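What follows is one structure encoded as structure tokens, with my remarks underneath.
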Amino acid sequence: MRAFVEGVGLVGPGLRGWAQCRSVLAGNDPYRPAPTVVAASELLPAAERRRTGMPVKLALAAGLEAFAVAGRDAAGVATVFASSGGDCDNVHLVCEALAAPERQVSPTRFHNSVHNAAAGYWSIATSSRAASTSLCCYDASVAAGLLDAASQIAVEGDPVALVVYDHPYPEPLNAVRTVCASFGAALVLAPRATERAIAALDVVFVPQKAEAAPMDDPGLEALRAGVPAARCLPLLAALARGSRETVILEYVAGTHLRVTVTPCA
């Protein structure tokens with residue numbers, strides 16, 4: 001399956017946007033870890049903006065940057081949102097409420113607990129009525145999201161945006177499911193090459209086990225290994241280098257995706 005990358009969005013520890021971080025991902029500049037900084041989207045009405053947690057902020061920031069780079073209107077483009085845990089802070093607070101004697105969960109906590117909360121806020125922010133998929137596949141969520149997006153492009157022949165994001169759990173959940181940082185990334189993918197396309201992705205499902213390619217920088221490799229959504233970093237690095245490369249993304253049950261990145265002239 002082939003898709004063309006028109007836009008990239010990125011937010012994470014020491015990673016403030018695709019334009020700023022391309023040279024870091026390409027290995028031309030050193031990676032300097034720093035706390036993830038992201039604000040609620042100004043496109044959301046004030047009431048919704050107050051209700052958004054970090055995962056929604058990550059998803060919107062990465063997604064909106066990717067559309068700005070692509071020069072496309074987000075309102076008419078289908079989306080795939082992929083996260084291994086969704087709103088982890090909210091999960092913690094809902095569990096606390098259910099463990100209390102009164103067992104009272106606030107309406108805001110309840111509606112933010114669903115896995116498609118980010119997609120809902122996205123539709124409000126962008127006025128989108130396009131189809132949207134929200135999925136989770138544990139550590140393979142990036143691969144699952146990319147496979148879903150590429151499949152939609154192959155079948156429907158329309159652009160699709162992939163947005164991946166993850167955020168650490170508070171304790172005690174962090175002790176059993178550790179996510180080391182807040183991270184979000186997005187790709188705007190098109191079925192055909194346009195003047196905005198920076199590279200073609202040929203996505204192949206391979207029914208056998210293979211090791212994912214690591215990042216060369218130790219700090220970026222720790223981020224890749226420590227955050228499920230950051231499993232996309234080798235793919236982003238290949239895009240940043242602008243060279244033809246093959247990237248392996250681990251999938252489920254001893255399978256993987258082989259993604260060949262070919263720069264557009």
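Starting from 1 in every chain, residues are counted up; chains themselves are A, B, ... following the order of the structure tokens, and ligands are numbered from 1 as listed.
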
Next on the checklist: Based on the backbone DSSP call, show me all residues of range 33-203 of chain A assigned helix (DSSP H, G or I), as a PyMOL selection string.
Outcome noted: chain A and resi 46-51+54-70+74-76+88-99+107-112+117-126+138-156+173-176

Checklist entry - So which residues touch range 215-227 of chain A within 6 Å, counting only C-alpha atoms, skipping near sequence neighbours fewer than 2 positions away, as a PyMOL selection string? => result chain A and resi 179-180+229-231

Item to check | For Ser243 in chain A: contacts at 9 Å, only C-alpha atoms, fewer than 3 positions along chain excluded, given as a list in words | outcome: Ala238, Leu239, Ala240, Val261, Thr262 and Pro263 of chain A

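Comparing A:Leu162, A:Leu236, A:Cys137, A:Val5 by their smallest distance to Leu25 in chain A, the closest is A:Leu236 (using only C-alpha atoms).
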
Item to check | Near-range 100-110 of chain A list (8 Å; only C-alpha atoms; drop same-chain fewer than 4 positions) as a PyMOL selection string | outcome: chain A and resi 51+90+93-94+96+114

Would you write out those residues with N, CA, C and O atoms, as a tab-separated table (two decimals), in the first residue's frame?
```tsv
chain	number	residue	atom	x	y	z
A	51	ARG	N	-11.52	21.69	29.61
A	51	ARG	CA	-11.72	20.27	29.92
A	51	ARG	C	-10.64	19.37	29.34
A	51	ARG	O	-10.59	18.19	29.67
A	90	ASN	N	-6.91	10.95	33.42
A	90	ASN	CA	-8.35	10.77	33.62
A	90	ASN	C	-8.67	9.35	34.09
A	90	ASN	O	-9.53	9.16	34.95
A	93	LEU	N	-7.99	9.25	37.79
A	93	LEU	CA	-8.99	9.95	38.59
A	93	LEU	C	-10.32	9.21	38.61
A	93	LEU	O	-11.01	9.20	39.64
A	94	VAL	N	-10.70	8.58	37.50
A	94	VAL	CA	-11.92	7.77	37.49
A	94	VAL	C	-11.76	6.57	38.42
A	94	VAL	O	-12.67	6.22	39.19
A	96	GLU	N	-9.82	6.42	41.05
A	96	GLU	CA	-9.89	6.95	42.42
A	96	GLU	C	-11.34	7.16	42.85
A	96	GLU	O	-11.71	6.82	43.98
A	114	VAL	N	-13.53	8.01	27.43
A	114	VAL	CA	-13.65	7.17	26.24
A	114	VAL	C	-12.41	7.34	25.37
A	114	VAL	O	-11.77	8.39	25.36
```

Could you give me, as JSON lines, a per-residue list for range 102-135 of chain A showing, wherever an atom lies at most 7 Å from an atom of range 67-79 of chain A, the closest pair of atoms and their distance in Å to one decimal, using only C-alpha atoms and sorting by chain then residue number from low to high?
```
{"residue": "A:Thr126", "atom": "CA", "partner": "A:Ala75", "partner_atom": "CA", "distance": 5.4}
{"residue": "A:Ser127", "atom": "CA", "partner": "A:Ala75", "partner_atom": "CA", "distance": 5.6}
{"residue": "A:Ser128", "atom": "CA", "partner": "A:Ala75", "partner_atom": "CA", "distance": 3.9}
{"residue": "A:Arg129", "atom": "CA", "partner": "A:Ala75", "partner_atom": "CA", "distance": 6.8}
{"residue": "A:Ala130", "atom": "CA", "partner": "A:Ala78", "partner_atom": "CA", "distance": 5.0}
{"residue": "A:Ala131", "atom": "CA", "partner": "A:Ala78", "partner_atom": "CA", "distance": 4.9}
{"residue": "A:Ser132", "atom": "CA", "partner": "A:Thr79", "partner_atom": "CA", "distance": 4.7}
{"residue": "A:Thr133", "atom": "CA", "partner": "A:Thr79", "partner_atom": "CA", "distance": 6.3}
```

Selection to disk with C-alpha atoms, as a short mmCIF file (atom, residue, chain, number, x, y, z; two decimals), in the first residue's frame:
```cif
data_model
loop_
_atom_site.label_atom_id
_atom_site.label_comp_id
_atom_site.auth_asym_id
_atom_site.auth_seq_id
_atom_site.Cartn_x
_atom_site.Cartn_y
_atom_site.Cartn_z
CA THR A 126 -11.60 21.75 13.12
CA SER A 127 -15.36 21.58 12.39
CA SER A 128 -14.68 18.20 10.82
CA ARG A 129 -17.45 15.79 9.92
CA ALA A 130 -15.12 13.40 8.14
CA ALA A 131 -14.81 9.76 9.17
CA SER A 132 -12.60 9.12 12.18
CA THR A 133 -11.16 5.96 13.73
#
```

Item to check | Among the residues A:Pro170, A:Pro207, A:Gly63, A:Gly27, the one that comes closest to Arg241 in chain A [using only C-alpha atoms] | outcome: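 Smallest separation from Arg241 in chain A among the options: A:Gly27.
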
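What separates CA of Gly7 in chain A from CA of Val164 in chain A is a distance of 14.1 Å.
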
Item to check | Those of range 4-113 of chain A in DSSP strand (DSSP E), formatted as a list in words | outcome: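 Those residues are Phe4, Val5, Glu6, Gly7, Val8, Gly9, Leu10, Val11, Gly12, Leu15, Arg16, Ala78, Thr79, Val80, Phe81 and Ala82 of chain A.
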
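For the set A:Leu189, A:Ala47, A:Ile124, A:Leu58, the residue with the smallest atom-to-atom gap to Gln152 in chain A is A:Leu189, counting only C-alpha atoms.
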
Checklist entry - Do you know which residues are at most 12 Å from Ala265 in chain A counting only C-alpha atoms, after dropping those on the same chain fewer than 4 positions away, and could you put them as a list in words? => result Ala193, Thr194, Glu195, Arg196, Ala197, Ile198, Ala199, Ala200, Gly242, Ser243 and Arg244 of chain A

Checklist entry - Which of these residues is nearest to Gly145 in chain A, using only C-alpha atoms: A:Phe183, A:Tyr251, A:Phe205, A:Phe81? => result A:Phe81

Next on the checklist: Which residues are close to Leu173 in chain A, i.e. within 10 Å by only C-alpha atoms, leaving aside same-chain residues fewer than 4 positions away? Reply as JSON, numbers by chain.
Outcome noted: {"A": [88, 89, 91, 92, 168, 169, 177, 178]}

Print the selection's residues with N, CA, C and O atoms to a file, as a PDB file, in the first residue's frame.
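Heads up, here's the output in out.pdb:
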```pdb
ATOM      1  N   CYS A  88      -4.520   9.124  30.388  1.00  0.00           N
ATOM      2  CA  CYS A  88      -4.067   8.345  31.556  1.00  0.00           C
ATOM      3  C   CYS A  88      -4.373   9.052  32.874  1.00  0.00           C
ATOM      4  O   CYS A  88      -4.689   8.389  33.875  1.00  0.00           O
ATOM      5  N   ASP A  89      -4.258  10.390  32.906  1.00  0.00           N
ATOM      6  CA  ASP A  89      -4.626  11.125  34.118  1.00  0.00           C
ATOM      7  C   ASP A  89      -6.092  10.910  34.447  1.00  0.00           C
ATOM      8  O   ASP A  89      -6.471  10.715  35.607  1.00  0.00           O
ATOM      9  N   VAL A  91      -7.999   8.366  33.529  1.00  0.00           N
ATOM     10  CA  VAL A  91      -8.189   6.983  33.986  1.00  0.00           C
ATOM     11  C   VAL A  91      -7.880   6.871  35.474  1.00  0.00           C
ATOM     12  O   VAL A  91      -8.620   6.246  36.245  1.00  0.00           O
ATOM     13  N   HIS A  92      -6.782   7.495  35.894  1.00  0.00           N
ATOM     14  CA  HIS A  92      -6.395   7.475  37.307  1.00  0.00           C
ATOM     15  C   HIS A  92      -7.485   8.096  38.188  1.00  0.00           C
ATOM     16  O   HIS A  92      -7.875   7.528  39.218  1.00  0.00           O
ATOM     17  N   PRO A 168       2.173   9.755  30.308  1.00  0.00           N
ATOM     18  CA  PRO A 168       2.403   8.862  31.450  1.00  0.00           C
ATOM     19  C   PRO A 168       1.193   8.735  32.371  1.00  0.00           C
ATOM     20  O   PRO A 168       0.430   9.684  32.560  1.00  0.00           O
ATOM     21  N   TYR A 169       1.056   7.569  32.950  1.00  0.00           N
ATOM     22  CA  TYR A 169       0.082   7.352  34.023  1.00  0.00           C
ATOM     23  C   TYR A 169       0.628   7.909  35.331  1.00  0.00           C
ATOM     24  O   TYR A 169       1.835   7.839  35.580  1.00  0.00           O
ATOM     25  N   ARG A 177       2.472   0.077  34.306  1.00  0.00           N
ATOM     26  CA  ARG A 177       2.455   0.439  32.879  1.00  0.00           C
ATOM     27  C   ARG A 177       3.181   1.773  32.733  1.00  0.00           C
ATOM     28  O   ARG A 177       2.597   2.847  32.790  1.00  0.00           O
ATOM     29  N   THR A 178       4.490   1.684  32.568  1.00  0.00           N
ATOM     30  CA  THR A 178       5.316   2.878  32.562  1.00  0.00           C
ATOM     31  C   THR A 178       5.403   3.472  31.156  1.00  0.00           C
ATOM     32  O   THR A 178       5.798   2.791  30.209  1.00  0.00           O
TER      33      THR A 178
END
```
